[in-house]
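Notes for the one structure printed next.
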Amino acid sequence: MPIYEAIYRSNDHEELITVNSIEQHEKFVDVKNHLYCTYQGCTARLSYVPKGKVRAHFKTWPKNNHIQDCTDYFERMVTANKQKSIATSTMALSDKHIKSVLDNLKRKRKEQESGTDKVKTNRKKKPRPKVNPDSFENTTLNIVPTTGPEADLTSGENNIKEPSVRNRSLINLSDDDLNWTRSVECYIQNVETDDNRAVLELRDGNYTFRVFFEEFFFDNAPINFRGYFEDLKYLVQRHKEYLFSGVGLIEKRNEQYCMLVNRGNDFRIDDQYIAIFLQNASA
């Protein structure tokens, strides 16, 4: 069952945290890493799961157990998934798939703005099959999305469905996202340009995030993209309310999360490809 309250415990400090208040907490990053069960005497650690297909909630930390008297106690089961060894391959995402990801970001944002978004309720799931611990291991193929060079598989190769791309807000990025392709959207605060490099600085409250366009991007993009970023830089200096939406690889540079974008169709400004945005902005 989902959990909606937790105890934030740090040194001698304890504080009740709810799923409705955690993201507004001034120490959000520290809070989400120090959450525990609220039941007296239960020391099970919890993690925060932001709103996605289901409403935001807390869940029990892997390999942490509640005491039997706790209202959130459950017995862990050995499942078939535990018996699988995993092989990982990367798959290049098609322009069509990236377009779908960016379109979904726009749609969800519009629904939230209009108040028409509905959180999906949990459906009853079939219990996972139990397995014989002595049985032979099965191997499953884990497909990882990528927009970079040298992917193991091309889009749709071997009739394998393209993997999904998870969306992240700046406040919810964590080390679990590193080296994964994610989607992000936020408002641009600054643009830096160089010969074979452009950097967009995004900001959400106290959180900053940099989006890098580097040598691989410019080697494969039309030559006029250099001018596009110069024009965007000029516009942002005059008006800092342009929304960036993009798909790219999450990295960590100088102890800060950032994104590396590799292709010209993998991002939009104000829900438009940059060439169209600049054309409309100058009209």
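In the structure tokens, chains take the letters A, B, ... in the order shown, each chain's residues start at 1, and ligands count up from 1 in the order shown.
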Would you mind writing down, as an mmCIF file with C-alpha atoms, in the first residue's frame, each residue of stretch 144-267 of chain A that DSSP on the backbone assigns to helix (DSSP H, G or I)?
```cif
data_model
loop_
_atom_site.group_PDB
_atom_site.id
_atom_site.type_symbol
_atom_site.label_atom_id
_atom_site.label_comp_id
_atom_site.auth_asym_id
_atom_site.auth_seq_id
_atom_site.Cartn_x
_atom_site.Cartn_y
_atom_site.Cartn_z
ATOM 1 C CA GLU A 157 15.569 -3.189 -34.608
ATOM 2 C CA ASN A 158 14.592 -6.853 -34.153
ATOM 3 C CA ASN A 159 10.975 -5.704 -33.688
ATOM 4 C CA LEU A 170 14.849 19.783 -11.637
ATOM 5 C CA ILE A 171 13.827 19.212 -8.038
ATOM 6 C CA ASN A 172 13.463 15.447 -8.496
ATOM 7 C CA ASP A 175 21.998 10.041 -8.986
ATOM 8 C CA ASP A 176 19.632 7.314 -10.200
ATOM 9 C CA ASP A 177 19.122 9.408 -13.354
ATOM 10 C CA GLU A 215 30.976 19.116 -30.620
ATOM 11 C CA PHE A 216 28.956 16.045 -31.630
ATOM 12 C CA PHE A 217 25.814 18.181 -31.839
ATOM 13 C CA PHE A 218 27.382 20.847 -34.058
ATOM 14 C CA ASP A 219 29.218 18.313 -36.228
ATOM 15 C CA ASN A 220 25.875 16.766 -37.165
ATOM 16 C CA PHE A 225 22.438 26.284 -35.610
ATOM 17 C CA ARG A 226 25.379 28.377 -34.398
ATOM 18 C CA GLY A 227 23.468 31.469 -35.425
ATOM 19 C CA TYR A 228 20.283 30.127 -33.864
ATOM 20 C CA PHE A 229 21.896 29.997 -30.427
ATOM 21 C CA GLU A 230 23.296 33.517 -30.846
ATOM 22 C CA ASP A 231 19.801 34.774 -31.681
ATOM 23 C CA LEU A 232 18.345 32.866 -28.722
ATOM 24 C CA LYS A 233 20.995 34.381 -26.449
ATOM 25 C CA TYR A 234 19.968 37.871 -27.539
ATOM 26 C CA LEU A 235 16.268 37.163 -26.952
ATOM 27 C CA VAL A 236 16.840 35.610 -23.517
ATOM 28 C CA GLN A 237 18.860 38.642 -22.421
ATOM 29 C CA ARG A 238 15.817 40.767 -23.215
ATOM 30 C CA GLY A 264 18.590 19.344 -33.317
ATOM 31 C CA ASN A 265 15.143 17.743 -33.127
ATOM 32 C CA ASP A 266 15.604 16.674 -29.502
#
```
Could you give me the residues within stretch 79-263 of chain A that DSSP places in strand (DSSP E or B), as a compact mmCIF listing (two decimals) with N, CA, C and O atoms, in the first residue's frame?
```txt
# COMPACT_ATOMS: atom_id res chain seq x y z
N THR A 79 10.48 -13.56 -6.18
CA THR A 79 9.72 -13.53 -7.42
C THR A 79 10.57 -13.94 -8.59
O THR A 79 11.80 -14.04 -8.51
N LYS A 84 16.26 -13.56 -12.70
CA LYS A 84 16.71 -13.25 -14.04
C LYS A 84 18.05 -12.53 -14.02
O LYS A 84 18.28 -11.65 -13.20
N SER A 85 18.92 -12.90 -14.91
CA SER A 85 20.11 -12.11 -15.13
C SER A 85 19.80 -11.15 -16.26
O SER A 85 19.02 -11.46 -17.16
N ILE A 86 20.37 -9.95 -16.21
CA ILE A 86 19.97 -8.90 -17.14
C ILE A 86 21.11 -8.54 -18.07
O ILE A 86 22.23 -8.27 -17.63
N ALA A 87 20.81 -8.55 -19.36
CA ALA A 87 21.75 -8.05 -20.37
C ALA A 87 21.22 -6.70 -20.84
O ALA A 87 20.02 -6.53 -21.03
N THR A 88 22.10 -5.71 -20.98
CA THR A 88 21.68 -4.35 -21.32
C THR A 88 22.19 -3.96 -22.70
O THR A 88 23.35 -4.19 -23.02
N SER A 89 21.29 -3.38 -23.49
CA SER A 89 21.66 -2.83 -24.79
C SER A 89 21.04 -1.45 -24.93
O SER A 89 19.97 -1.18 -24.39
N THR A 90 21.72 -0.57 -25.65
CA THR A 90 21.18 0.77 -25.90
C THR A 90 20.48 0.79 -27.25
O THR A 90 20.90 0.13 -28.19
N MET A 91 19.39 1.55 -27.32
CA MET A 91 18.65 1.70 -28.58
C MET A 91 18.52 3.18 -28.92
O MET A 91 18.11 3.99 -28.08
N ALA A 92 18.87 3.53 -30.15
CA ALA A 92 18.73 4.91 -30.61
C ALA A 92 17.26 5.26 -30.74
O ALA A 92 16.48 4.51 -31.32
N LYS A 130 5.83 -16.97 -8.04
CA LYS A 130 6.91 -17.46 -7.20
C LYS A 130 7.77 -18.42 -8.00
O LYS A 130 7.32 -19.05 -8.95
N ASN A 138 17.00 -17.17 -15.79
CA ASN A 138 16.58 -16.72 -17.10
C ASN A 138 17.29 -15.42 -17.41
O ASN A 138 17.66 -14.67 -16.52
N THR A 139 17.48 -15.13 -18.67
CA THR A 139 18.13 -13.89 -19.06
C THR A 139 17.12 -12.99 -19.74
O THR A 139 16.40 -13.42 -20.63
N THR A 140 17.06 -11.74 -19.31
CA THR A 140 16.17 -10.78 -19.93
C THR A 140 16.99 -9.63 -20.49
O THR A 140 18.05 -9.30 -19.94
N LEU A 141 16.53 -9.03 -21.59
CA LEU A 141 17.25 -7.95 -22.23
C LEU A 141 16.68 -6.62 -21.78
O LEU A 141 15.49 -6.36 -21.94
N ASN A 142 17.52 -5.79 -21.20
CA ASN A 142 17.11 -4.47 -20.75
C ASN A 142 17.50 -3.45 -21.81
O ASN A 142 18.69 -3.28 -22.11
N ILE A 143 16.51 -2.77 -22.40
CA ILE A 143 16.76 -1.81 -23.47
C ILE A 143 16.82 -0.41 -22.88
O ILE A 143 15.87 0.06 -22.25
N VAL A 144 17.94 0.27 -23.08
CA VAL A 144 18.17 1.60 -22.53
C VAL A 144 18.08 2.62 -23.67
O VAL A 144 18.74 2.48 -24.69
N PRO A 145 17.26 3.68 -23.51
CA PRO A 145 17.14 4.68 -24.58
C PRO A 145 18.37 5.56 -24.67
O PRO A 145 19.00 5.87 -23.66
N THR A 146 18.72 5.97 -25.88
CA THR A 146 19.83 6.90 -26.05
C THR A 146 19.61 7.76 -27.29
O THR A 146 18.95 7.34 -28.24
N LEU A 153 21.54 -0.80 -30.82
CA LEU A 153 20.42 -1.13 -31.69
C LEU A 153 19.88 0.13 -32.34
O LEU A 153 19.82 1.19 -31.71
N ARG A 166 11.68 8.77 -19.31
CA ARG A 166 11.07 9.34 -18.11
C ARG A 166 11.30 10.84 -18.05
O ARG A 166 12.36 11.34 -18.39
N ASN A 167 10.27 11.53 -17.58
CA ASN A 167 10.38 12.97 -17.39
C ASN A 167 10.85 13.27 -15.97
O ASN A 167 10.48 12.58 -15.03
N THR A 181 18.83 8.59 -20.40
CA THR A 181 18.17 9.60 -21.23
C THR A 181 16.85 9.98 -20.57
O THR A 181 16.01 9.11 -20.31
N ARG A 182 16.68 11.26 -20.30
CA ARG A 182 15.49 11.77 -19.63
C ARG A 182 14.94 12.97 -20.40
O ARG A 182 15.63 13.57 -21.23
N SER A 183 13.71 13.35 -20.09
CA SER A 183 13.15 14.59 -20.62
C SER A 183 13.03 15.60 -19.48
O SER A 183 12.74 15.23 -18.34
N VAL A 184 13.29 16.85 -19.81
CA VAL A 184 13.26 17.93 -18.82
C VAL A 184 12.65 19.16 -19.48
O VAL A 184 12.86 19.39 -20.68
N GLU A 185 11.90 19.93 -18.71
CA GLU A 185 11.45 21.22 -19.22
C GLU A 185 11.50 22.25 -18.10
O GLU A 185 11.18 21.96 -16.95
N CYS A 186 11.96 23.44 -18.45
CA CYS A 186 12.10 24.51 -17.47
C CYS A 186 12.42 25.80 -18.23
O CYS A 186 12.76 25.77 -19.41
N TYR A 187 12.32 26.93 -17.53
CA TYR A 187 12.53 28.21 -18.19
C TYR A 187 14.01 28.57 -18.27
O TYR A 187 14.78 28.32 -17.34
N ILE A 188 14.39 29.17 -19.39
CA ILE A 188 15.78 29.53 -19.66
C ILE A 188 16.11 30.85 -18.96
O ILE A 188 15.36 31.82 -19.06
N GLN A 189 17.26 30.86 -18.27
CA GLN A 189 17.72 32.07 -17.60
C GLN A 189 18.91 32.72 -18.30
O GLN A 189 19.12 33.92 -18.21
N ASN A 190 19.69 31.90 -19.01
CA ASN A 190 20.89 32.44 -19.63
C ASN A 190 21.34 31.51 -20.76
O ASN A 190 21.05 30.31 -20.74
N VAL A 191 22.03 32.07 -21.74
CA VAL A 191 22.58 31.29 -22.85
C VAL A 191 24.04 31.68 -23.04
O VAL A 191 24.37 32.86 -23.12
N GLU A 192 24.91 30.66 -23.09
CA GLU A 192 26.33 30.88 -23.37
C GLU A 192 26.65 30.25 -24.73
O GLU A 192 26.16 29.17 -25.04
N THR A 193 27.48 30.92 -25.52
CA THR A 193 27.82 30.40 -26.84
C THR A 193 29.32 30.44 -27.07
O THR A 193 30.03 31.29 -26.53
N ASP A 194 29.79 29.48 -27.88
CA ASP A 194 31.18 29.41 -28.31
C ASP A 194 31.18 28.80 -29.70
O ASP A 194 30.12 28.50 -30.26
N ARG A 197 30.03 25.05 -29.16
CA ARG A 197 29.42 24.78 -27.86
C ARG A 197 28.37 25.84 -27.55
O ARG A 197 28.55 27.02 -27.82
N ALA A 198 27.27 25.38 -27.00
CA ALA A 198 26.24 26.28 -26.47
C ALA A 198 25.74 25.69 -25.17
O ALA A 198 25.65 24.46 -25.03
N VAL A 199 25.43 26.55 -24.22
CA VAL A 199 24.95 26.09 -22.92
C VAL A 199 23.74 26.92 -22.53
O VAL A 199 23.79 28.15 -22.53
N LEU A 200 22.64 26.23 -22.22
CA LEU A 200 21.45 26.90 -21.70
C LEU A 200 21.40 26.68 -20.20
O LEU A 200 21.55 25.56 -19.72
N GLU A 201 21.19 27.74 -19.46
CA GLU A 201 21.03 27.63 -18.01
C GLU A 201 19.55 27.74 -17.67
O GLU A 201 18.91 28.74 -18.00
N LEU A 202 19.02 26.71 -17.03
CA LEU A 202 17.62 26.68 -16.62
C LEU A 202 17.53 26.90 -15.12
O LEU A 202 18.46 26.59 -14.38
N ARG A 203 16.40 27.40 -14.66
CA ARG A 203 16.22 27.62 -13.23
C ARG A 203 14.79 27.32 -12.82
O ARG A 203 13.84 27.69 -13.50
N ASP A 204 14.67 26.64 -11.68
CA ASP A 204 13.37 26.38 -11.06
C ASP A 204 13.52 26.68 -9.57
O ASP A 204 14.03 25.85 -8.82
N TYR A 207 16.87 25.86 -7.78
CA TYR A 207 17.57 24.81 -8.51
C TYR A 207 17.97 25.30 -9.90
O TYR A 207 17.15 25.85 -10.64
N THR A 208 19.24 25.11 -10.25
CA THR A 208 19.73 25.45 -11.58
C THR A 208 20.16 24.18 -12.31
O THR A 208 20.51 23.18 -11.69
N PHE A 209 20.15 24.26 -13.61
CA PHE A 209 20.40 23.09 -14.44
C PHE A 209 20.93 23.58 -15.77
O PHE A 209 20.41 24.53 -16.35
N ARG A 210 22.00 22.96 -16.26
CA ARG A 210 22.61 23.40 -17.50
C ARG A 210 22.41 22.35 -18.59
O ARG A 210 22.55 21.15 -18.34
N VAL A 211 22.09 22.83 -19.78
CA VAL A 211 21.89 21.97 -20.94
C VAL A 211 23.02 22.25 -21.92
O VAL A 211 23.19 23.39 -22.38
N PHE A 212 23.79 21.21 -22.26
CA PHE A 212 24.97 21.37 -23.11
C PHE A 212 24.71 20.88 -24.53
O PHE A 212 24.13 19.81 -24.74
N PHE A 213 25.16 21.67 -25.49
CA PHE A 213 25.20 21.30 -26.90
C PHE A 213 26.67 21.39 -27.30
O PHE A 213 27.23 22.49 -27.32
N LEU A 243 10.46 28.83 -22.54
CA LEU A 243 10.45 27.48 -21.96
C LEU A 243 11.27 26.52 -22.81
O LEU A 243 11.05 26.39 -24.01
N PHE A 244 12.21 25.85 -22.18
CA PHE A 244 12.99 24.79 -22.83
C PHE A 244 12.35 23.44 -22.53
O PHE A 244 12.02 23.13 -21.39
N SER A 245 12.18 22.62 -23.57
CA SER A 245 11.75 21.23 -23.41
C SER A 245 12.73 20.38 -24.20
O SER A 245 12.98 20.68 -25.38
N GLY A 246 13.29 19.36 -23.58
CA GLY A 246 14.28 18.59 -24.32
C GLY A 246 14.49 17.19 -23.78
O GLY A 246 14.07 16.85 -22.67
N VAL A 247 15.13 16.39 -24.62
CA VAL A 247 15.47 15.00 -24.28
C VAL A 247 16.98 14.84 -24.45
O VAL A 247 17.54 15.21 -25.49
N GLY A 248 17.63 14.31 -23.43
CA GLY A 248 19.07 14.14 -23.52
C GLY A 248 19.62 13.30 -22.38
O GLY A 248 18.88 12.82 -21.51
N LEU A 249 20.92 13.15 -22.38
CA LEU A 249 21.62 12.32 -21.39
C LEU A 249 21.87 13.14 -20.12
O LEU A 249 22.41 14.24 -20.19
N ILE A 250 21.49 12.58 -18.97
CA ILE A 250 21.73 13.26 -17.70
C ILE A 250 23.16 12.95 -17.22
O ILE A 250 23.57 11.79 -17.15
N GLU A 251 23.89 14.01 -16.92
CA GLU A 251 25.26 13.89 -16.43
C GLU A 251 25.41 14.72 -15.16
O GLU A 251 24.48 15.40 -14.74
N LYS A 252 26.61 14.64 -14.58
CA LYS A 252 26.94 15.47 -13.42
C LYS A 252 28.29 16.12 -13.67
O LYS A 252 29.29 15.44 -13.87
N ARG A 253 28.29 17.45 -13.70
CA ARG A 253 29.52 18.20 -13.91
C ARG A 253 29.64 19.24 -12.81
O ARG A 253 28.67 19.96 -12.53
N GLN A 256 26.94 19.27 -10.20
CA GLN A 256 25.59 19.68 -10.56
C GLN A 256 25.06 18.81 -11.69
O GLN A 256 25.80 18.46 -12.62
N TYR A 257 23.78 18.48 -11.60
CA TYR A 257 23.16 17.70 -12.67
C TYR A 257 23.03 18.57 -13.92
O TYR A 257 22.80 19.79 -13.84
N CYS A 258 23.16 17.94 -15.08
CA CYS A 258 23.04 18.66 -16.34
C CYS A 258 22.59 17.68 -17.42
O CYS A 258 22.47 16.48 -17.18
N MET A 259 22.34 18.21 -18.60
CA MET A 259 21.87 17.39 -19.72
C MET A 259 22.73 17.64 -20.95
O MET A 259 23.13 18.78 -21.22
N LEU A 260 23.02 16.58 -21.68
CA LEU A 260 23.73 16.68 -22.95
C LEU A 260 22.75 16.35 -24.07
O LEU A 260 22.22 15.25 -24.13
N VAL A 261 22.50 17.33 -24.94
CA VAL A 261 21.59 17.15 -26.08
C VAL A 261 22.44 16.90 -27.33
O VAL A 261 23.40 17.62 -27.58
```
Tell me which protein, DNA and RNA residues are within 6 Å of stretch 38-45 of chain A, counting only C-alpha atoms, leaving out same-chain ones fewer than 6 positions away, and put them as JSON, numbers by chain.
{"A": [6, 7, 61, 64, 65, 66, 67]}
For those residues, write all heavy atoms to a file as a PDB file, in the first residue's frame.
```pdb
ATOM      1  N   ALA A   6       5.747  10.500   6.409  1.00  0.00           N
ATOM      2  CA  ALA A   6       7.054   9.967   6.785  1.00  0.00           C
ATOM      3  C   ALA A   6       7.686  10.890   7.814  1.00  0.00           C
ATOM      4  O   ALA A   6       7.256  12.036   8.000  1.00  0.00           O
ATOM      5  CB  ALA A   6       7.957   9.842   5.559  1.00  0.00           C
ATOM      6  N   ILE A   7       8.703  10.374   8.479  1.00  0.00           N
ATOM      7  CA  ILE A   7       9.473  11.173   9.428  1.00  0.00           C
ATOM      8  C   ILE A   7      10.808  11.540   8.792  1.00  0.00           C
ATOM      9  O   ILE A   7      11.538  10.671   8.315  1.00  0.00           O
ATOM     10  CB  ILE A   7       9.722  10.404  10.740  1.00  0.00           C
ATOM     11  CG1 ILE A   7       8.411  10.186  11.501  1.00  0.00           C
ATOM     12  CG2 ILE A   7      10.719  11.155  11.627  1.00  0.00           C
ATOM     13  CD1 ILE A   7       7.790  11.456  12.048  1.00  0.00           C
ATOM     14  N   TRP A  61      12.036   1.467   1.485  1.00  0.00           N
ATOM     15  CA  TRP A  61      13.358   1.384   0.859  1.00  0.00           C
ATOM     16  C   TRP A  61      13.702  -0.081   0.574  1.00  0.00           C
ATOM     17  O   TRP A  61      13.376  -0.959   1.363  1.00  0.00           O
ATOM     18  CB  TRP A  61      14.390   1.983   1.810  1.00  0.00           C
ATOM     19  CG  TRP A  61      15.702   2.327   1.175  1.00  0.00           C
ATOM     20  CD1 TRP A  61      16.774   1.509   1.035  1.00  0.00           C
ATOM     21  CD2 TRP A  61      16.082   3.583   0.611  1.00  0.00           C
ATOM     22  NE1 TRP A  61      17.803   2.167   0.412  1.00  0.00           N
ATOM     23  CE2 TRP A  61      17.411   3.444   0.136  1.00  0.00           C
ATOM     24  CE3 TRP A  61      15.439   4.810   0.455  1.00  0.00           C
ATOM     25  CZ2 TRP A  61      18.099   4.487  -0.475  1.00  0.00           C
ATOM     26  CZ3 TRP A  61      16.121   5.846  -0.155  1.00  0.00           C
ATOM     27  CH2 TRP A  61      17.430   5.683  -0.611  1.00  0.00           C
ATOM     28  N   ASN A  64      14.759  -2.923   3.194  1.00  0.00           N
ATOM     29  CA  ASN A  64      14.408  -2.464   4.533  1.00  0.00           C
ATOM     30  C   ASN A  64      13.058  -3.062   4.897  1.00  0.00           C
ATOM     31  O   ASN A  64      12.146  -3.088   4.066  1.00  0.00           O
ATOM     32  CB  ASN A  64      14.322  -0.935   4.581  1.00  0.00           C
ATOM     33  CG  ASN A  64      15.644  -0.289   4.935  1.00  0.00           C
ATOM     34  OD1 ASN A  64      15.728   0.484   5.874  1.00  0.00           O
ATOM     35  ND2 ASN A  64      16.685  -0.605   4.182  1.00  0.00           N
ATOM     36  N   ASN A  65      12.911  -3.518   6.121  1.00  0.00           N
ATOM     37  CA  ASN A  65      11.673  -4.168   6.543  1.00  0.00           C
ATOM     38  C   ASN A  65      11.044  -3.434   7.716  1.00  0.00           C
ATOM     39  O   ASN A  65      11.746  -2.936   8.603  1.00  0.00           O
ATOM     40  CB  ASN A  65      11.939  -5.622   6.940  1.00  0.00           C
ATOM     41  CG  ASN A  65      12.424  -6.455   5.766  1.00  0.00           C
ATOM     42  OD1 ASN A  65      11.866  -6.373   4.675  1.00  0.00           O
ATOM     43  ND2 ASN A  65      13.475  -7.235   5.973  1.00  0.00           N
ATOM     44  N   HIS A  66       9.715  -3.373   7.712  1.00  0.00           N
ATOM     45  CA  HIS A  66       8.968  -2.826   8.838  1.00  0.00           C
ATOM     46  C   HIS A  66       8.857  -3.896   9.927  1.00  0.00           C
ATOM     47  O   HIS A  66       8.912  -5.102   9.644  1.00  0.00           O
ATOM     48  CB  HIS A  66       7.560  -2.415   8.397  1.00  0.00           C
ATOM     49  CG  HIS A  66       7.549  -1.302   7.393  1.00  0.00           C
ATOM     50  ND1 HIS A  66       7.407   0.017   7.741  1.00  0.00           N
ATOM     51  CD2 HIS A  66       7.665  -1.324   6.035  1.00  0.00           C
ATOM     52  CE1 HIS A  66       7.427   0.762   6.647  1.00  0.00           C
ATOM     53  NE2 HIS A  66       7.588  -0.023   5.596  1.00  0.00           N
ATOM     54  N   ILE A  67       8.704  -3.458  11.171  1.00  0.00           N
ATOM     55  CA  ILE A  67       8.468  -4.426  12.236  1.00  0.00           C
ATOM     56  C   ILE A  67       7.067  -5.005  12.062  1.00  0.00           C
ATOM     57  O   ILE A  67       6.190  -4.385  11.442  1.00  0.00           O
ATOM     58  CB  ILE A  67       8.622  -3.778  13.629  1.00  0.00           C
ATOM     59  CG1 ILE A  67       7.614  -2.635  13.813  1.00  0.00           C
ATOM     60  CG2 ILE A  67      10.048  -3.275  13.832  1.00  0.00           C
ATOM     61  CD1 ILE A  67       7.626  -2.028  15.207  1.00  0.00           C
TER      62      ILE A  67
END
```
Can you pull out the residues contacting A:Tyr48? Cut-off 8 Å, using only C-alpha atoms, and skip same-chain residues under 2 positions away; I want them as a VMD selection string.
chain A and resid 19 32 46 50 56 to 59
Would you please work out which residue, of A:Gln68, A:Ser47, A:Gly52, A:Thr147, is nearest to A:Asn33 when using only C-alpha atoms?
A:Ser47
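Omitting A:His13 and its sequence neighbours fewer than 4 positions away, and counting only C-alpha atoms, the residues within 12 Å are A:Ile7, A:Tyr8, A:Arg9, A:Val31, A:His34, A:Leu35.
When only C-alpha atoms are used to measure the gap to A:Tyr273, the shortest distance among A:Ile22, A:Leu102, A:Asn206, A:Leu16 belongs to A:Leu102.
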